[in-house]
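Structure file protein-v7.cif (mmCIF, C-alpha atoms) follows.
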data_run
#
loop_
_atom_site.group_PDB
_atom_site.id
_atom_site.type_symbol
_atom_site.label_atom_id
_atom_site.label_comp_id
_atom_site.auth_asym_id
_atom_site.auth_seq_id
_atom_site.Cartn_x
_atom_site.Cartn_y
_atom_site.Cartn_z
ATOM 1 C CA MET A 1 162.344 122.491 97.125
ATOM 2 C CA GLY A 2 162.075 122.875 93.345
ATOM 3 C CA THR A 3 160.308 120.554 90.964
ATOM 4 C CA ILE A 4 162.190 117.351 90.149
ATOM 5 C CA VAL A 5 162.116 115.895 86.635
ATOM 6 C CA LEU A 6 161.813 112.104 86.726
ATOM 7 C CA LEU A 7 162.757 110.274 83.537
ATOM 8 C CA PRO A 8 162.256 106.488 83.566
ATOM 9 C CA ILE A 9 164.694 105.182 80.960
ATOM 10 C CA GLY A 10 163.358 103.102 78.066
ATOM 11 C CA VAL A 11 165.050 101.001 75.409
ATOM 12 C CA ASP A 12 164.971 103.464 72.457
ATOM 13 C CA ASP A 13 168.358 105.197 72.541
ATOM 14 C CA THR A 14 167.579 107.486 69.579
ATOM 15 C CA ALA A 15 164.430 108.810 71.253
ATOM 16 C CA LEU A 16 166.330 109.192 74.532
ATOM 17 C CA ASP A 17 169.067 111.231 72.833
ATOM 18 C CA ARG A 18 166.447 113.568 71.349
ATOM 19 C CA CYS A 19 164.639 113.832 74.688
ATOM 20 C CA LEU A 20 167.799 114.773 76.582
ATOM 21 C CA ALA A 21 168.799 117.383 74.002
ATOM 22 C CA ALA A 22 165.351 119.005 74.241
ATOM 23 C CA LEU A 23 165.459 118.802 78.035
ATOM 24 C CA ASP A 24 168.754 120.700 78.081
ATOM 25 C CA ALA A 25 167.520 123.307 75.596
ATOM 26 C CA GLY A 26 164.158 123.994 77.216
ATOM 27 C CA THR A 27 164.657 123.564 80.971
ATOM 28 C CA PRO A 28 166.127 126.072 83.459
ATOM 29 C CA THR A 29 169.787 125.571 84.352
ATOM 30 C CA GLY A 30 170.206 123.731 87.640
ATOM 31 C CA THR A 31 166.850 121.932 87.530
ATOM 32 C CA ALA A 32 167.033 118.599 89.357
ATOM 33 C CA ALA A 33 166.669 115.691 86.922
ATOM 34 C CA TRP A 34 166.768 112.000 87.779
ATOM 35 C CA LEU A 35 167.281 109.430 85.051
ATOM 36 C CA ALA A 36 166.370 106.044 86.496
ATOM 37 C CA ASP A 37 167.042 102.834 84.625
ATOM 38 C CA ASP A 38 165.229 99.652 85.601
ATOM 39 C CA GLY A 39 167.941 97.614 83.884
ATOM 40 C CA GLN A 40 166.482 98.491 80.449
ATOM 41 C CA ALA A 41 169.094 100.658 78.735
ATOM 42 C CA GLY A 42 171.494 98.928 76.365
ATOM 43 C CA PRO A 43 175.141 99.916 75.794
ATOM 44 C CA ARG A 44 174.257 102.643 73.264
ATOM 45 C CA ALA A 45 171.696 104.275 75.580
ATOM 46 C CA GLN A 46 174.128 104.102 78.490
ATOM 47 C CA ALA A 47 176.739 105.835 76.323
ATOM 48 C CA VAL A 48 174.209 108.546 75.430
ATOM 49 C CA ILE A 49 173.476 109.082 79.120
ATOM 50 C CA ALA A 50 177.153 109.131 80.101
ATOM 51 C CA HIS A 51 177.929 111.781 77.480
ATOM 52 C CA TRP A 52 174.889 113.837 78.481
ATOM 53 C CA LEU A 53 175.808 113.782 82.175
ATOM 54 C CA LEU A 54 179.184 115.346 81.355
ATOM 55 C CA HIS A 55 177.664 118.302 79.527
ATOM 56 C CA THR A 56 174.136 118.973 80.829
ATOM 57 C CA PRO A 57 173.442 122.268 82.620
ATOM 58 C CA LEU A 58 170.900 120.449 84.769
ATOM 59 C CA GLN A 59 171.568 119.010 88.207
ATOM 60 C CA ALA A 60 171.296 115.445 86.963
ATOM 61 C CA GLU A 61 171.677 111.988 88.414
ATOM 62 C CA TYR A 62 171.528 108.556 86.808
ATOM 63 C CA THR A 63 170.769 105.308 88.601
ATOM 64 C CA ARG A 64 170.577 101.812 87.162
ATOM 65 C CA ARG A 65 169.211 98.688 88.782
ATOM 66 C CA ALA A 66 171.156 95.476 88.274
ATOM 67 C CA SER A 67 167.909 93.605 87.670
ATOM 68 C CA SER A 68 164.465 94.829 86.715
ATOM 69 C CA ILE A 69 161.668 95.088 89.282
ATOM 70 C CA GLY A 70 159.045 96.163 86.740
ATOM 71 C CA GLU A 71 158.286 99.641 85.451
ATOM 72 C CA VAL A 72 155.445 100.419 87.864
ATOM 73 C CA ALA A 73 157.393 99.320 90.950
ATOM 74 C CA HIS A 74 160.430 101.185 89.658
ATOM 75 C CA LEU A 75 158.567 104.477 89.134
ATOM 76 C CA ASP A 76 156.881 104.074 92.517
ATOM 77 C CA GLU A 77 160.345 103.731 94.052
ATOM 78 C CA MET A 78 161.371 106.977 92.330
ATOM 79 C CA LEU A 79 158.269 108.815 93.541
ATOM 80 C CA ARG A 80 158.755 107.647 97.124
ATOM 81 C CA ALA A 81 162.376 108.823 97.044
ATOM 82 C CA CYS A 82 161.085 112.290 96.072
ATOM 83 C CA ALA A 83 158.545 112.535 98.890
ATOM 84 C CA GLY A 84 157.837 116.161 99.735
ATOM 85 C CA ALA A 85 158.699 117.481 96.276
ATOM 86 C CA ASP A 86 156.537 118.201 93.276
ATOM 87 C CA VAL A 87 157.708 115.937 90.467
ATOM 88 C CA VAL A 88 157.122 115.816 86.740
ATOM 89 C CA VAL A 89 157.230 112.359 85.192
ATOM 90 C CA LEU A 90 158.531 112.688 81.647
ATOM 91 C CA ALA A 91 158.231 109.884 79.098
ATOM 92 C CA PRO A 92 161.655 108.828 77.755
ATOM 93 C CA ASP A 93 160.596 109.684 74.185
ATOM 94 C CA ALA A 94 159.138 113.087 75.092
ATOM 95 C CA ILE A 95 160.455 116.288 73.490
ATOM 96 C CA PRO A 96 159.820 119.249 75.798
ATOM 97 C CA ALA A 97 159.367 122.648 74.167
ATOM 98 C CA PRO A 98 161.217 125.661 75.625
ATOM 99 C CA GLY A 99 159.792 126.974 78.878
ATOM 100 C CA TRP A 100 157.733 123.833 79.519
ATOM 101 C CA LEU A 101 158.698 123.407 83.165
ATOM 102 C CA GLN A 102 158.330 127.073 84.125
ATOM 103 C CA GLN A 103 154.828 127.066 82.643
ATOM 104 C CA MET A 104 153.852 123.881 84.489
ATOM 105 C CA ASP A 105 155.194 125.236 87.786
ATOM 106 C CA ALA A 106 153.197 128.430 87.188
ATOM 107 C CA CYS A 107 150.089 126.315 86.612
ATOM 108 C CA PHE A 108 150.485 124.747 90.070
ATOM 109 C CA ALA A 109 151.147 128.143 91.629
ATOM 110 C CA ARG A 110 147.938 129.621 90.179
ATOM 111 C CA ASP A 111 145.605 126.933 91.499
ATOM 112 C CA PRO A 112 146.385 124.883 94.635
ATOM 113 C CA SER A 113 143.463 122.563 93.827
ATOM 114 C CA ILE A 114 145.372 121.132 90.843
ATOM 115 C CA GLY A 115 146.843 117.744 91.732
ATOM 116 C CA SER A 116 148.205 116.911 88.275
ATOM 117 C CA ALA A 117 149.017 119.142 85.317
ATOM 118 C CA THR A 118 149.382 117.845 81.773
ATOM 119 C CA PRO A 119 150.723 119.983 78.893
ATOM 120 C CA TRP A 120 149.589 119.891 75.272
ATOM 121 C CA CYS A 121 151.104 117.216 73.054
ATOM 122 C CA ASN A 122 150.842 116.278 69.382
ATOM 123 C CA ALA A 123 150.111 112.735 70.639
ATOM 124 C CA GLY A 124 148.384 113.664 73.875
ATOM 125 C CA GLU A 125 144.983 111.914 73.721
ATOM 126 C CA THR A 126 142.650 114.321 75.594
ATOM 127 C CA ALA A 127 145.443 116.926 75.676
ATOM 128 C CA ALA A 128 146.229 116.523 71.962
ATOM 129 C CA TRP A 129 146.853 119.426 69.594
ATOM 130 C CA PRO A 130 145.892 120.265 66.877
ATOM 131 C CA ARG A 131 143.282 117.469 66.800
ATOM 132 C CA LEU A 132 141.735 115.841 69.840
ATOM 133 C CA GLY A 133 142.587 112.165 70.290
ATOM 134 C CA GLU A 134 144.812 111.957 67.205
ATOM 135 C CA ILE A 135 148.539 111.442 66.705
ATOM 136 C CA ASP A 136 150.031 114.265 64.649
ATOM 137 C CA PRO A 137 153.657 114.876 63.637
ATOM 138 C CA VAL A 138 155.993 116.556 66.106
ATOM 139 C CA PRO A 139 155.787 120.328 65.387
ATOM 140 C CA ALA A 140 158.675 121.448 63.215
ATOM 141 C CA ASP A 141 159.270 124.637 65.241
ATOM 142 C CA LEU A 142 158.958 123.897 68.956
ATOM 143 C CA PRO A 143 160.093 127.402 70.061
ATOM 144 C CA ALA A 144 157.213 128.878 68.017
ATOM 145 C CA MET A 145 154.878 126.312 69.550
ATOM 146 C CA ALA A 146 156.034 127.286 73.033
ATOM 147 C CA GLN A 147 155.546 130.980 72.225
ATOM 148 C CA ALA A 148 151.982 130.313 71.052
ATOM 149 C CA CYS A 149 151.101 128.250 74.137
ATOM 150 C CA ALA A 150 152.505 130.887 76.494
ATOM 151 C CA ALA A 151 150.198 133.487 74.900
ATOM 152 C CA LEU A 152 147.032 131.567 75.819
ATOM 153 C CA PRO A 153 145.003 132.745 78.825
ATOM 154 C CA PRO A 154 145.875 130.338 81.692
ATOM 155 C CA MET A 155 142.453 128.838 82.491
ATOM 156 C CA HIS A 156 143.675 125.265 83.239
ATOM 157 C CA PRO A 157 140.494 123.311 82.361
ATOM 158 C CA GLU A 158 139.934 119.893 83.861
ATOM 159 C CA LEU A 159 140.826 116.670 82.034
ATOM 160 C CA PRO A 160 139.245 113.247 82.669
ATOM 161 C CA SER A 161 142.634 112.113 84.042
ATOM 162 C CA ALA A 162 146.316 112.887 83.722
ATOM 163 C CA VAL A 163 148.002 112.104 80.392
ATOM 164 C CA THR A 164 151.455 110.652 80.674
ATOM 165 C CA HIS A 165 153.690 112.156 77.978
ATOM 166 C CA ALA A 166 154.515 114.578 80.806
ATOM 167 C CA VAL A 167 152.599 114.995 84.051
ATOM 168 C CA LEU A 168 153.390 117.229 87.014
ATOM 169 C CA LEU A 169 152.258 115.708 90.328
ATOM 170 C CA ARG A 170 151.708 117.791 93.460
ATOM 171 C CA ALA A 171 153.586 116.394 96.463
ATOM 172 C CA ASN A 172 150.732 116.747 98.952
ATOM 173 C CA ALA A 173 148.142 115.214 96.635
ATOM 174 C CA ARG A 174 150.485 112.346 95.809
ATOM 175 C CA ARG A 175 151.143 111.658 99.488
ATOM 176 C CA LYS A 176 147.471 111.538 100.408
ATOM 177 C CA ALA A 177 146.539 109.376 97.420
ATOM 178 C CA GLY A 178 149.308 106.867 98.141
ATOM 179 C CA GLY A 179 151.794 105.237 95.804
ATOM 180 C CA LEU A 180 151.406 103.553 92.456
ATOM 181 C CA ASP A 181 149.524 100.256 92.341
ATOM 182 C CA MET A 182 152.158 97.837 91.084
ATOM 183 C CA HIS A 183 149.882 94.851 91.684
ATOM 184 C CA SER A 184 147.021 95.911 89.384
ATOM 185 C CA TYR A 185 148.900 97.484 86.453
ATOM 186 C CA GLY A 186 151.827 96.475 84.266
ATOM 187 C CA SER A 187 152.526 99.883 82.684
ATOM 188 C CA TRP A 188 153.408 103.058 84.527
ATOM 189 C CA ASN A 189 151.146 104.846 82.050
ATOM 190 C CA ALA A 190 148.066 103.091 83.482
ATOM 191 C CA ALA A 191 149.358 103.334 87.058
ATOM 192 C CA LEU A 192 149.736 107.121 86.746
ATOM 193 C CA ILE A 193 146.201 107.427 85.362
ATOM 194 C CA ASP A 194 144.982 105.437 88.373
ATOM 195 C CA LEU A 195 146.932 107.717 90.729
ATOM 196 C CA SER A 196 145.417 110.815 89.109
ATOM 197 C CA LEU A 197 141.913 109.356 89.515
ATOM 198 C CA ARG A 198 142.591 108.677 93.186
ATOM 199 C CA MET A 199 143.754 112.269 93.609
ATOM 200 C CA ALA A 200 140.543 113.448 91.901
ATOM 201 C CA GLY A 201 138.538 111.320 94.319
ATOM 202 C CA LEU A 202 140.173 113.250 97.158
ATOM 203 C CA GLY A 203 139.209 116.599 95.651
ATOM 204 C CA TRP A 204 142.197 117.587 93.496
ATOM 205 C CA ARG A 205 141.859 118.470 89.838
ATOM 206 C CA ASN A 206 143.611 116.875 86.872
ATOM 207 C CA ALA A 207 144.178 119.956 84.742
ATOM 208 C CA LEU A 208 145.462 120.887 81.314
ATOM 209 C CA CYS A 209 148.440 123.232 81.418
ATOM 210 C CA GLU A 210 147.542 124.907 78.141
ATOM 211 C CA THR A 211 150.520 127.265 78.329
ATOM 212 C CA ALA A 212 153.058 124.425 77.882
ATOM 213 C CA PHE A 213 153.823 121.903 75.135
ATOM 214 C CA VAL A 214 155.694 118.590 75.269
ATOM 215 C CA ALA A 215 155.906 116.678 71.997
ATOM 216 C CA ARG A 216 156.056 112.929 71.535
ATOM 217 C CA ALA A 217 156.455 110.581 68.579
ATOM 218 C CA SER A 218 153.585 108.281 69.605
ATOM 219 C CA GLU A 219 151.068 107.662 72.369
ATOM 220 C CA ALA A 220 151.896 105.559 75.424
ATOM 221 C CA GLN A 221 151.007 101.884 75.267
ATOM 222 C CA ALA A 222 149.278 100.117 78.140
ATOM 223 C CA PHE A 223 150.009 96.511 79.007
ATOM 224 C CA ASP A 224 147.417 93.808 78.355
ATOM 225 C CA GLY A 225 144.694 94.038 80.973
ATOM 226 C CA ASP A 226 145.581 97.543 82.164
ATOM 227 C CA MET A 227 142.603 99.295 80.565
ATOM 228 C CA ASP A 228 140.251 96.589 81.854
ATOM 229 C CA ALA A 229 141.673 97.037 85.356
ATOM 230 C CA LEU A 230 141.154 100.807 85.159
ATOM 231 C CA GLY A 231 137.600 100.328 83.911
ATOM 232 C CA THR A 232 136.781 97.909 86.724
ATOM 233 C CA ARG A 233 138.202 100.134 89.459
ATOM 234 C CA TRP A 234 136.862 103.380 87.973
ATOM 235 C CA PRO A 235 133.607 102.513 86.162
ATOM 236 C CA GLY A 236 132.808 106.186 85.560
ATOM 237 C CA TRP A 237 136.147 107.043 83.972
ATOM 238 C CA GLN A 238 135.751 105.475 80.535
ATOM 239 C CA PRO A 239 132.240 106.956 79.965
ATOM 240 C CA ARG A 240 133.603 110.348 81.061
ATOM 241 C CA LEU A 241 136.553 109.930 78.713
ATOM 242 C CA ALA A 242 134.247 109.025 75.826
ATOM 243 C CA ALA A 243 131.993 112.015 76.556
ATOM 244 C CA PHE A 244 135.046 114.295 76.627
ATOM 245 C CA LEU A 245 136.270 112.996 73.265
ATOM 246 C CA MET A 246 132.830 113.340 71.663
ATOM 247 C CA GLY A 247 131.934 116.690 73.218
ATOM 248 C CA ASP A 248 135.403 118.214 72.708
ATOM 249 C CA PRO A 249 135.219 120.957 75.378
ATOM 250 C CA LEU A 250 138.718 122.154 74.420
ATOM 251 C CA LEU A 251 137.833 122.895 70.792
ATOM 252 C CA GLY A 252 137.812 126.657 71.281
ATOM 253 C CA THR A 253 141.117 126.605 73.145
ATOM 254 C CA ARG A 254 142.760 124.498 70.446
ATOM 255 C CA GLN A 255 141.471 126.852 67.762
ATOM 256 C CA ALA A 256 142.867 129.833 69.674
ATOM 257 C CA LEU A 257 146.212 128.032 69.923
ATOM 258 C CA GLN A 258 146.107 127.292 66.192
ATOM 259 C CA GLN A 259 145.758 131.015 65.469
ATOM 260 C CA LEU A 260 148.524 131.950 67.894
ATOM 261 C CA HIS A 261 150.756 129.307 66.353
ATOM 262 C CA ARG A 262 150.204 130.764 62.877
ATOM 263 C CA GLN A 263 151.151 134.185 64.205
ATOM 264 C CA ALA A 264 154.251 132.779 65.905
ATOM 265 C CA ILE A 265 155.587 131.124 62.751
ATOM 266 C CA MET A 266 154.612 134.014 60.414
ATOM 267 C CA PRO A 267 157.681 136.207 61.123
ATOM 268 C CA ARG A 268 159.931 133.233 60.395
ATOM 269 C CA SER A 269 158.269 132.455 57.076
ATOM 270 C CA GLN A 270 158.234 136.135 56.094
ATOM 271 C CA GLY A 271 161.907 136.296 56.934
ATOM 272 C CA ASP A 272 162.535 133.540 54.402
ATOM 273 C CA LEU A 273 160.491 135.366 51.737
ATOM 274 C CA PHE A 274 162.049 138.757 52.308
ATOM 275 C CA ALA A 275 165.632 137.909 53.094
ATOM 276 C CA ALA A 276 168.029 140.817 53.209
ATOM 277 C CA PRO A 277 169.856 141.288 49.879
ATOM 278 C CA ALA A 278 173.480 140.325 49.733
ATOM 279 C CA ALA A 279 175.950 143.143 50.279
ATOM 280 C CA PRO A 280 177.438 144.464 47.027
ATOM 281 C CA PRO A 281 181.031 143.475 46.299
ATOM 282 C CA GLU A 282 183.693 145.932 47.387
ATOM 283 C CA SER A 283 185.147 148.161 44.692
ATOM 284 C CA PRO A 284 188.657 147.226 43.695
ATOM 285 C CA VAL A 285 191.300 149.572 45.028
#
Could you show the structure in this file as structure tokens?
Amino acid sequence: MGTIVLLPIGVDDTALDRCLAALDAGTPTGTAAWLADDGQAGPRAQAVIAHWLLHTPLQAEYTRRASSIGEVAHLDEMLRACAGADVVVLAPDAIPAPGWLQQMDACFARDPSIGSATPWCNAGETAAWPRLGEIDPVPADLPAMAQACAALPPMHPELPSAVTHAVLLRANARRKAGGLDMHSYGSWNAALIDLSLRMAGLGWRNALCETAFVARASEAQAFDGDMDALGTRWPGWQPRLAAFLMGDPLLGTRQALQQLHRQAIMPRSQGDLFAAPAAPPESPV
């Protein structure tokens, strides 16, 4: 069974339109994709989805609940329906770069101890590029960004937890760790972090997939009380997160990616500088 892309639908129809266009452009034809709407999408977003479903090369489905059950319970319902399959949860405002899913699948294939894989993101907290923990603009040339990422050596270093612009979850690790905790968290962002910490407690790694990039306009927002709940349940997580941000163990990898990115965009910029001259006009007969 191939990886399933899960996309919980939000309320921003413009971001959704951009996400779906990038998903089509950068994901293998026939990939299973499930757009699930917890009664959030308005008429414009539903029209965007309807148009996309008619034209996408993906094997896509759309479901919509008549009434909301809450985003954590809704995502947990999606995950349970995909039992036995690796799934990647994609934020509804994410912008996947070309080849993102193939690179994340390859990450899982290289190391069976990885329970969650998170790609780089311009707003990716511990997986942020070019600066750790900062929100930078979406890269102007995502194909060049994907080319640069794919050229990095695939070492897959460990992160303090999964980051939820895009996170691939291994089926077996997810099953053993259990479902999302809809009673302790209001946001699926916090609930996925909690799930990744439970998987780590069972011996799986939460890894960076440094060969993939998924852009995003802004970082995920937790609900009030979510971070406190995480800190209470996992008292070692926030100190580890702080140490990671201060120590910056990925600095060398980010610098290597910066250099590869410059090399990837150089031919394009040189092409602009040295454009082929226009053909001379034909001689009159």
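Each of A:Gly133, A:Pro119, A:Pro8, A:Pro235 was compared to Pro154 (chain A) using only C-alpha atoms, and A:Pro119 turns out to be the nearest.
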Which residues of region 188-267 of chain A sit at most 10 Å from region 80-92 of chain A, using only C-alpha atoms? Give each one's shortest atom pair and distance in Å (one decimal place), in chain and ascending residue order, as a Markdown table.
| residue | atom | partner | partner_atom | distance |
| --- | --- | --- | --- | --- |
| A:Trp188 | CA | A:Ala91 | CA | 10.0 |
| A:Asn189 | CA | A:Ala91 | CA | 9.2 |
| A:Leu192 | CA | A:Val89 | CA | 9.3 |
| A:Val214 | CA | A:Leu90 | CA | 9.1 |
| A:Arg216 | CA | A:Ala91 | CA | 8.4 |
| A:Ala220 | CA | A:Ala91 | CA | 8.5 |
Note to self: I'd like the contact shell of Ala222 (chain A) - 12 Å cut-off, all atoms listed in the file, skipping same-chain residues fewer than 6 positions apart - returned as number ranges by chain.
What the structure shows: A: 71-72, 164, 185-193, 228-230
Next item on the list: Pick out the residues sitting within 12 Å of Gln259 (chain A), and hand them over as a list in words; count all atoms listed in the file, and ignore anything fewer than 2 positions along from it in its own chain.
Entry: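 Counting only the stated atoms, we get Pro130, Ala144, Met145, Gln147, Ala148, Cys149, Ala151, Leu152, Gly252, Thr253, Arg254, Gln255, Ala256, Leu257, His261, Arg262, Gln263, Ala264, Ile265 and Met266 of chain A.
Rounded to one decimal, CA of Ala45 (chain A) and CA of Ala60 (chain A) lie 16.0 Å from each other.
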Margin query: As an exercise, work out the distance from CA of Trp100 (chain A) to CA of Met182 (chain A) in Å and give it to one decimal place.
Written below: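 Separation between CA of Trp100 (chain A) and CA of Met182 (chain A): 29.0 Å.
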Item checked: Straight-line distance linking CA of Ala215 (chain A) with CA of Asn122 (chain A), stated in Å to one decimal -> 5.7 Å
Next item on the list: List the residues matched by the PyMOL selection byres ((chain A and resi 118) around 6) in the displayed structure as a PyMOL selection string, ordered by chain and then by residue number.
Entry: chain A and resi 117+119+167+208-209
Notebook entry, point to check: Using only C-alpha atoms, which of A:Gly70, A:Trp52, A:Leu241, A:Arg198 sits nearest Phe223 (chain A)?
Noted result: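 The answer is A:Gly70, which sits nearest to Phe223 (chain A).
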